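Below is one structure, written out as structure tokens, with a few remarks after it.
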Amino acid sequence: MPEVAENQMLNTPGRTAREVAPPRVRQFGAVNWRGLWTLYHREVKRFFKVFTQTLAAPVVTTLLFYTIFTVALQNRVGSMGAVSFTVFLAPGLIMMTILQNSFANTSSSMMTSKIQGNIVDVLMPPISPLEMLCGFLGGGITRGLIVGVSATIAMIVLVDFPFHNPAIILFFALTASAMMALLGMIGGIWAEKFDHMAAITNFVVVPLSFLSGTFYSIDRLPEIWQSVAHLNPFFYAIDGFRYGFIGQGDAPFWLGALVMLSVDLVLFLIVHRMLASGYKLKS
Amino acid sequence: MTDRPDLLLGGTPTARRFGLLNWIGLLTFYRREMARGFKIWKITLAAPAIRAGLFASVFGLAIGSPGAMMGGQPFMAFLVPGLITVAVLERAFESAAFSIVYDKTEGIFGDLAVLPLTPGEIVLGFAAATVTGSLIVAAVVGVALFPFAGLFPAHPLALLFFVATGALMIGLFSQIAGLWAKKWDYINSVQTFIFLPFVFFSGVFFALESLSAAVRPFARANPVFYIVDGIRYGMTGRAEADPVFGAMVCLGMVAFFWIVSYRLFSVGYRMKS
């Protein structure tokens, strides 16, 4: 009796169910490279499609910031540490756009997918939580780096700043954009509406990227705020990145490197846990 | 249906008559626009106040010395009116344009065309909501920035005039930009590549005298400069240009944008397809 039913279901009158090979689980090896690559590719295409907003606008905004701060403050500030204010300001502004853009990339991607309901298209494919995490993370880092490079090129035209140690510059650009991309994913997963996201951006990301030493050396701060700054990973991102350019910083760069790596690691584990458990993504 | 006797009696419907203005319609439209802004008050009121506070702190910390001067007055007293202006103008730019583009992407923008509102009433409704919203933002940001410079308005009436006229000017521009925009991309581009440069180079953060002599005339040709300068006059009593001349420029720009926006709404530009 069961055999008859199965035969009818298969609609193959001459054959029994036993003769049809059952579908097998597809094997990928350790990593589903194609799936990972496809997700990464989508994440990058997402922001390239609207490059005026995602690449050109941040560069223009950075230049505007640079101009107003130099025109308003140049003759009044003089120097920051051993370098002139403009040389001090340029790396800070570049890092600020890197931070804001890598955050924007993953958070808006998550958010839009959730609101439009096509998040299932990412949850259904045969990719593990780890691969999913790496795909989004890669997209966020790529956006951060591209914006960072464009802003640097634009800035070189305006101000003559040194490249003390390119390896350190790259290290901090990478770890900082990774940190923000991971934070963006946490925000994107947690937030339920665009309102929530806007609140995180306006009340957390922008203040932290503004107040963490983009525009001034933290020895300008009152004692107590200096100690607070030393607990703030944004500060180490900006300070280390600037060290890569001008060869001096408020904190030793190895400490910054250590902080960035540990923050990245912790955030990585948190996001992985969120994706694996399906927190707020799978109901 | 007591006000429609023609229908009760089964006669042919006649066009409903309003006086000079459809007050109920206009007020309803105005209240919808206001409600839209208030519903997301965290973004429309709290965020600008925080941002202005951030700018003030960052400039203050970067400049370090309390004795720094700008445009003939202490730096903070110079900066605070500028920051209020930025908040007011940003709100004004976002008010009508964002409403219009939102409605376009939702596919409900055509609803405006079938309302018993004339193009003039629509322009007026948007403009009134923009000005009200901007005045509220100005008050909130002004209070938030009070600790930085301890400023009380030197000429409250002038301040009110320039905040309202500035908001009106940018609000009307925002109607035009919103009508032109087909998608969010368009309006974001206008904001980043036109609106922001005009505002940032208007003397919000620095006196025009800090600019080199070669670019100063361009800065003077920027209408936004007269808004900033007027608001600064209202707050501190000092201005770089003659406030009366500034008021004329602002009113002229308002008239120009009003006519353009009215014309676009009348022909249904990118509105009726």
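In the structure tokens, chains take letters A, B, ... by order of appearance, with residues numbered from 1 within each chain and ligands from 1 in the order shown.
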
Distance-based interface of chain A with chain B, 9 Å, counting only C-alpha atoms, as a VMD selection string: chain A and resid 50 52 to 53 57 to 58 60 to 61 64 to 65 67 to 69 71 to 73 76 to 78 80 195 198 to 199 202 to 203 206 to 207 210 to 211 213 to 218 220 to 221

Please provide the set of residues having any atom within 12 Å of stretch 30-35 of chain A, restricted to only C-alpha atoms, with same-chain residues fewer than 6 positions apart removed, written as JSON, numbers by chain. {"A": [41, 42, 121, 122, 123, 124, 125, 126, 127, 128, 129, 130, 131, 132, 133, 134, 135]}

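For the pair atom CA of B:Leu179 and atom CA of B:Leu264, the separation is 7.9 Å.
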
Which of stretch 17-250 of chain B DSSP labels helix (DSSP H, G or I), written as a ChimeraX atom specification: /B:23-39,41-63,75-106,111-114,119-149,156-180,184-200,208-210,216-220,223-236,243-250

Determine, counting only C-alpha atoms, which protein, DNA and RNA residues have an atom within 7 Å of an atom of B:Phe162; residues of the same chain fewer than 4 positions away are not included. Present the result as a compact mmCIF listing (two decimals) with C-alpha atoms, in the first residue's frame.
```txt
# COMPACT_ATOMS: atom_id res chain seq x y z
CA ALA B 158 15.17 90.03 13.51
CA GLY B 166 15.59 81.25 5.72
CA ILE B 227 20.42 83.84 6.18
CA GLY B 230 20.86 87.62 9.57
CA ILE B 231 20.45 84.92 12.20
```

I'd like the interatomic distance between atom CA of B:Gly171 and atom CA of B:Ala127, to a tenth of an Å. 6.2 Å

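Atom CA of B:Ser134 lies 7.5 Å from atom CA of B:Leu89.
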
Which residues come within 7 Å of A:Phe163, counting only C-alpha atoms, excluding same-chain residues fewer than 4 positions away, as a compact mmCIF listing (two decimals) with C-alpha atoms, in the first residue's frame?
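Below is the file part_11.txt, written as the result:
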```txt
# COMPACT_ATOMS: atom_id res chain seq x y z
CA GLY A 244 50.59 55.37 10.60
CA PHE A 245 50.62 58.71 8.80
CA ILE A 246 52.45 61.13 11.05
```

All strand (DSSP E) residues (DSSP, backbone) inside stretch 19-235 of chain A, as an NGL selection string: :A and (79-80 or 83-84)

Skip B:Ile100 itself and residues of its chain fewer than 3 positions away, then list as a PyMOL selection string all residues within 12 Å of it, counting only C-alpha atoms. chain B and resi 33+36+93-97+103-112+122-123+126+174-184+187+265+270-271
